[in-house]
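What follows is a single structure, written as structure tokens, with notes after it.
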Amino acid sequence: MMRLLLLIVMVLGAVLVAAAQAEPPTVGDCPVFPPDNPWNTDISDFPVDPNSDAYIASISAEGDEYLHADFGEDPTYGIPYIVVDGDQPPVEINFVDYGDESDPGPYPIPEDAPVEAGGDRHVIALDDANCMLYELYNAEWNGDGWDASSGAVFNLLSNELRPEGWTSADAAGLPIFPGLVRYDEIEAGAINHALRFTVSESQRAYIHPATHYASSSSDPDLPPMGLRLRLRADFDMSEYTGMARIILEALQTYGMIVADNGTSWFISGATDPRWDDEDLNQLKTVPGDAFEAVVTGEIVYGD
């Protein structure tokens with residue numbers, strides 16, 4: 001009888017956990033990684049990292065101390081992407097810098113795929129027929145295909161990481177697309193995944209799901225790639241509205257992941273002219289010290 005009761009309790013517990021777990025983000029019929037993928041994991045109850053205060057201080061050390069939406073109304077602002085179907089012809093990819101850490105082509109990325117404005121020139125294509133994600137860094141159409149510094153292919157139905165030590169189209173070896181704030185999520189009223197953000201300096205280390213570092217510094221107070229930050233539960237959001245409020249709620253539940261070196265506290269979003277800059281500017285009043293680092297895995301240090 002006792003064993004039966006224990007079994008019932010365990011089953012009910014599993015059902016409650018499953019019911020409480022939010023649906024993963026989707027594009028078409030494709031999930032953006034499985035529900036238990038790190039990007040889609042609720043980290044609101046994860047323990048605070050013992051080095052959290054030092055990490056937060058170092059991220060703000062260059063003078064950028066407030067959250068910032070690195071996307072907005074300007075159609076050249078943010079990171080664009082394109083959705084293709086299974087009939088999109090693949091084209092050759094010529095890797096000019098990090099081919100030894102890139103997934104070889106061809107990739108089904110058309111000539112008219114949007115290219116991120118600015119220096120990084122990311123190109124992202126999502127095949128919603130086969131649930132595959134293709135990403136390029138520093139990309140340019142060469143007449144027959146794409147020249148790119150690096151590239152990565154991700155199966156959206158899998159939790160498989162990049163090989164240890166490999167980059168991707170992002171410095172941390174992470175996919176870019178799942179960390180973007182997308183307008184369709186705002187319309188739906190919830191963002192059910194972590195966000196991508198940048199820091200001015202990082203250390204020569206990473207935490208999974210990151211697989212690559214982009215620094216020569218061994219300073220333990222600098223954030224490693226893949227470090228996860230969470231908006232503190234006691235942060236008062238009562239005055240925040242609209243888009244900004246939805247983003248902040250996601251940052252309390254799913255947090256944000258260090259993905260690249262850049263301006264500190266800049267979170268990434270998809271290019272979309274429907275963004276409301278006045279609304280997003282509310283984020284500029286959120287200080288970095290409203291965040292805390294959480295423990296999500298062991299630090300992998302560079303040689």
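Here, A, B, ... name the chains of the structure tokens in the order displayed, residue numbers run from 1 inside each chain, and ligands are numbered from 1 in the same displayed order.
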Dump as a tab-separated table the rows for residues of stretch 200-277 of chain A within 7 Å of stretch 74-81 of chain A: closest atom pair and distance in Å with one decimal, only C-alpha atoms counted, ordered by chain and rising residue number.
```
residue	atom	partner	partner_atom	distance
A:Ser268	CA	A:Gly78	CA	6.7
A:Gly269	CA	A:Gly78	CA	5.5
A:Ala270	CA	A:Ile79	CA	4.8
A:Thr271	CA	A:Gly78	CA	4.5
A:Asp272	CA	A:Pro75	CA	6.1
A:Pro273	CA	A:Pro75	CA	5.3
```
Selection above as a file: all heavy atoms, as an mmCIF file, in the first residue's frame:
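As written to disk, selection03.cif reads:
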```cif
data_model
loop_
_atom_site.group_PDB
_atom_site.id
_atom_site.type_symbol
_atom_site.label_atom_id
_atom_site.label_comp_id
_atom_site.auth_asym_id
_atom_site.auth_seq_id
_atom_site.Cartn_x
_atom_site.Cartn_y
_atom_site.Cartn_z
ATOM 1 N N SER A 268 19.468 41.180 -27.556
ATOM 2 C CA SER A 268 19.266 41.086 -28.997
ATOM 3 C C SER A 268 17.813 40.813 -29.352
ATOM 4 O O SER A 268 17.112 40.065 -28.670
ATOM 5 C CB SER A 268 20.136 39.970 -29.582
ATOM 6 O OG SER A 268 21.497 40.196 -29.314
ATOM 7 N N GLY A 269 17.379 41.405 -30.450
ATOM 8 C CA GLY A 269 16.034 41.163 -30.959
ATOM 9 C C GLY A 269 16.054 41.074 -32.468
ATOM 10 O O GLY A 269 17.013 41.501 -33.123
ATOM 11 N N ALA A 270 15.001 40.511 -33.018
ATOM 12 C CA ALA A 270 14.892 40.381 -34.463
ATOM 13 C C ALA A 270 14.506 41.717 -35.088
ATOM 14 O O ALA A 270 13.766 42.510 -34.506
ATOM 15 C CB ALA A 270 13.848 39.325 -34.815
ATOM 16 N N THR A 271 14.997 41.960 -36.277
ATOM 17 C CA THR A 271 14.648 43.166 -37.021
ATOM 18 C C THR A 271 13.155 43.152 -37.344
ATOM 19 O O THR A 271 12.630 42.170 -37.869
ATOM 20 C CB THR A 271 15.453 43.221 -38.330
ATOM 21 O OG1 THR A 271 16.849 43.248 -38.014
ATOM 22 C CG2 THR A 271 15.083 44.446 -39.149
ATOM 23 N N ASP A 272 12.473 44.243 -37.018
ATOM 24 C CA ASP A 272 11.032 44.327 -37.284
ATOM 25 C C ASP A 272 10.599 45.783 -37.139
ATOM 26 O O ASP A 272 10.805 46.380 -36.079
ATOM 27 C CB ASP A 272 10.253 43.452 -36.298
ATOM 28 C CG ASP A 272 8.844 43.152 -36.772
ATOM 29 O OD1 ASP A 272 8.109 44.115 -37.085
ATOM 30 O OD2 ASP A 272 8.470 41.968 -36.830
ATOM 31 N N PRO A 273 9.985 46.369 -38.174
ATOM 32 C CA PRO A 273 9.579 47.787 -38.097
ATOM 33 C C PRO A 273 8.426 48.033 -37.142
ATOM 34 O O PRO A 273 8.096 49.190 -36.862
ATOM 35 C CB PRO A 273 9.179 48.116 -39.543
ATOM 36 C CG PRO A 273 8.779 46.794 -40.135
ATOM 37 C CD PRO A 273 9.699 45.791 -39.493
#
```
- Message: List the spatial neighbours of A:Ser58 as a PyMOL selection string - criterion: any atom at most 8 Å away, only C-alpha atoms, same-chain residues fewer than 2 positions off excluded.
- Response: chain A and resi 54-56+60-62+201+221-223
Each residue of stretch 95-114 of chain A with at least one atom at most 8 Å from stretch 135-151 of chain A should appear once, together with its nearest atom pair and the corresponding distance in Å (one decimal); atoms considered: only C-alpha atoms; ordering: chain, then increasing residue number; output as JSON lines.
```
{"residue": "A:Phe95", "atom": "CA", "partner": "A:Ala148", "partner_atom": "CA", "distance": 5.0}
{"residue": "A:Val96", "atom": "CA", "partner": "A:Ser149", "partner_atom": "CA", "distance": 5.1}
{"residue": "A:Asp97", "atom": "CA", "partner": "A:Ser149", "partner_atom": "CA", "distance": 4.6}
{"residue": "A:Tyr98", "atom": "CA", "partner": "A:Ser150", "partner_atom": "CA", "distance": 5.2}
{"residue": "A:Gly99", "atom": "CA", "partner": "A:Ser150", "partner_atom": "CA", "distance": 6.1}
{"residue": "A:Glu101", "atom": "CA", "partner": "A:Ser150", "partner_atom": "CA", "distance": 7.4}
{"residue": "A:Ser102", "atom": "CA", "partner": "A:Gly151", "partner_atom": "CA", "distance": 5.0}
{"residue": "A:Asp103", "atom": "CA", "partner": "A:Gly151", "partner_atom": "CA", "distance": 6.1}
{"residue": "A:Pro104", "atom": "CA", "partner": "A:Gly151", "partner_atom": "CA", "distance": 7.9}
{"residue": "A:Glu111", "atom": "CA", "partner": "A:Trp141", "partner_atom": "CA", "distance": 6.5}
```
C-alpha atoms of the current selection, written as a PDB file, in the first residue's frame:
```pdb
ATOM      1  CA  PHE A  95      34.474  29.998 -45.134  1.00  0.00           C
ATOM      2  CA  VAL A  96      37.217  32.611 -45.101  1.00  0.00           C
ATOM      3  CA  ASP A  97      38.311  32.533 -41.442  1.00  0.00           C
ATOM      4  CA  TYR A  98      37.069  29.729 -39.181  1.00  0.00           C
ATOM      5  CA  GLY A  99      36.256  26.937 -41.579  1.00  0.00           C
ATOM      6  CA  GLU A 101      35.176  25.159 -36.635  1.00  0.00           C
ATOM      7  CA  SER A 102      32.263  25.564 -39.061  1.00  0.00           C
ATOM      8  CA  ASP A 103      29.702  23.127 -40.412  1.00  0.00           C
ATOM      9  CA  PRO A 104      30.383  22.663 -44.128  1.00  0.00           C
ATOM     10  CA  GLU A 111      20.627  35.338 -52.288  1.00  0.00           C
TER      11      GLU A 111
END
```
- Task: For A:Ile207, work out the shell of residues within 8 Å, counting only C-alpha atoms and skipping chain neighbours fewer than 6 positions away, then give it as a ChimeraX atom specification.
- Result: /A:224-227,296-300
Restricting the output to C-alpha atoms, write the selected residues as an mmCIF file, in the first residue's frame.
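Output saved as again-v1.cif:
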```cif
data_model
loop_
_atom_site.group_PDB
_atom_site.id
_atom_site.type_symbol
_atom_site.label_atom_id
_atom_site.label_comp_id
_atom_site.auth_asym_id
_atom_site.auth_seq_id
_atom_site.Cartn_x
_atom_site.Cartn_y
_atom_site.Cartn_z
ATOM 1 C CA PRO A 224 32.574 33.357 -19.076
ATOM 2 C CA MET A 225 30.680 32.787 -22.296
ATOM 3 C CA GLY A 226 27.393 31.043 -21.550
ATOM 4 C CA LEU A 227 26.990 32.661 -18.119
ATOM 5 C CA THR A 296 23.783 26.373 -14.605
ATOM 6 C CA GLY A 297 26.912 24.240 -14.987
ATOM 7 C CA GLU A 298 30.643 23.975 -14.513
ATOM 8 C CA ILE A 299 33.051 26.486 -16.035
ATOM 9 C CA VAL A 300 35.274 25.067 -18.783
#
```
Counting only C-alpha atoms, what are the residues of stretch 32-63 of chain A within 12 Å of stretch 231-252 of chain A, and for each of them which pair of atoms is the nearest and at what distance in Å, to one decimal? Sort the table by chain and rising number, as JSON lines.
```
{"residue": "A:Trp39", "atom": "CA", "partner": "A:Ala250", "partner_atom": "CA", "distance": 11.5}
{"residue": "A:Asn40", "atom": "CA", "partner": "A:Ala250", "partner_atom": "CA", "distance": 10.6}
{"residue": "A:Thr41", "atom": "CA", "partner": "A:Ala250", "partner_atom": "CA", "distance": 11.1}
{"residue": "A:Asp42", "atom": "CA", "partner": "A:Gln252", "partner_atom": "CA", "distance": 9.0}
{"residue": "A:Ile43", "atom": "CA", "partner": "A:Gln252", "partner_atom": "CA", "distance": 8.2}
{"residue": "A:Ser44", "atom": "CA", "partner": "A:Gln252", "partner_atom": "CA", "distance": 6.3}
{"residue": "A:Asp45", "atom": "CA", "partner": "A:Ala233", "partner_atom": "CA", "distance": 9.8}
{"residue": "A:Phe46", "atom": "CA", "partner": "A:Gln252", "partner_atom": "CA", "distance": 11.2}
{"residue": "A:Pro47", "atom": "CA", "partner": "A:Arg232", "partner_atom": "CA", "distance": 11.8}
{"residue": "A:Val48", "atom": "CA", "partner": "A:Arg232", "partner_atom": "CA", "distance": 10.1}
{"residue": "A:Ser52", "atom": "CA", "partner": "A:Arg232", "partner_atom": "CA", "distance": 11.8}
{"residue": "A:Ile56", "atom": "CA", "partner": "A:Leu231", "partner_atom": "CA", "distance": 11.6}
```
- Task: Pick out each residue of stretch 67-274 of chain A that DSSP on the backbone tags as alpha helix (DSSP H); I need them as a VMD selection string.
- Result: chain A and resid 183 to 188 242 to 253
- Message: For the structure I just gave you, how does DSSP split stretch 48-244 of chain A - specifically, which residues are strand (DSSP E or B)? Reply as number ranges by chain.
- Response: A: 48, 66, 68-70, 79, 82-84, 91-95, 107, 123-127, 132-137, 140-141, 145-148, 150-155, 181, 195-199, 205-207, 225, 228-231
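Between atom CA of A:Phe154 and atom CA of A:Asn130 the separation is 11.0 Å.
Considering only C-alpha atoms, the residue among A:Val294, A:Val27, A:Met256, A:Ile186 positioned nearest to A:Thr198 is A:Met256.
Among the candidates A:Arg274, A:Ser158, A:Leu229, A:Leu174, the one nearest to A:Glu187 when counting only C-alpha atoms is A:Arg274.
Interatomic distance, atom CA of A:Pro108 against atom CA of A:Ile176: 17.2 Å.
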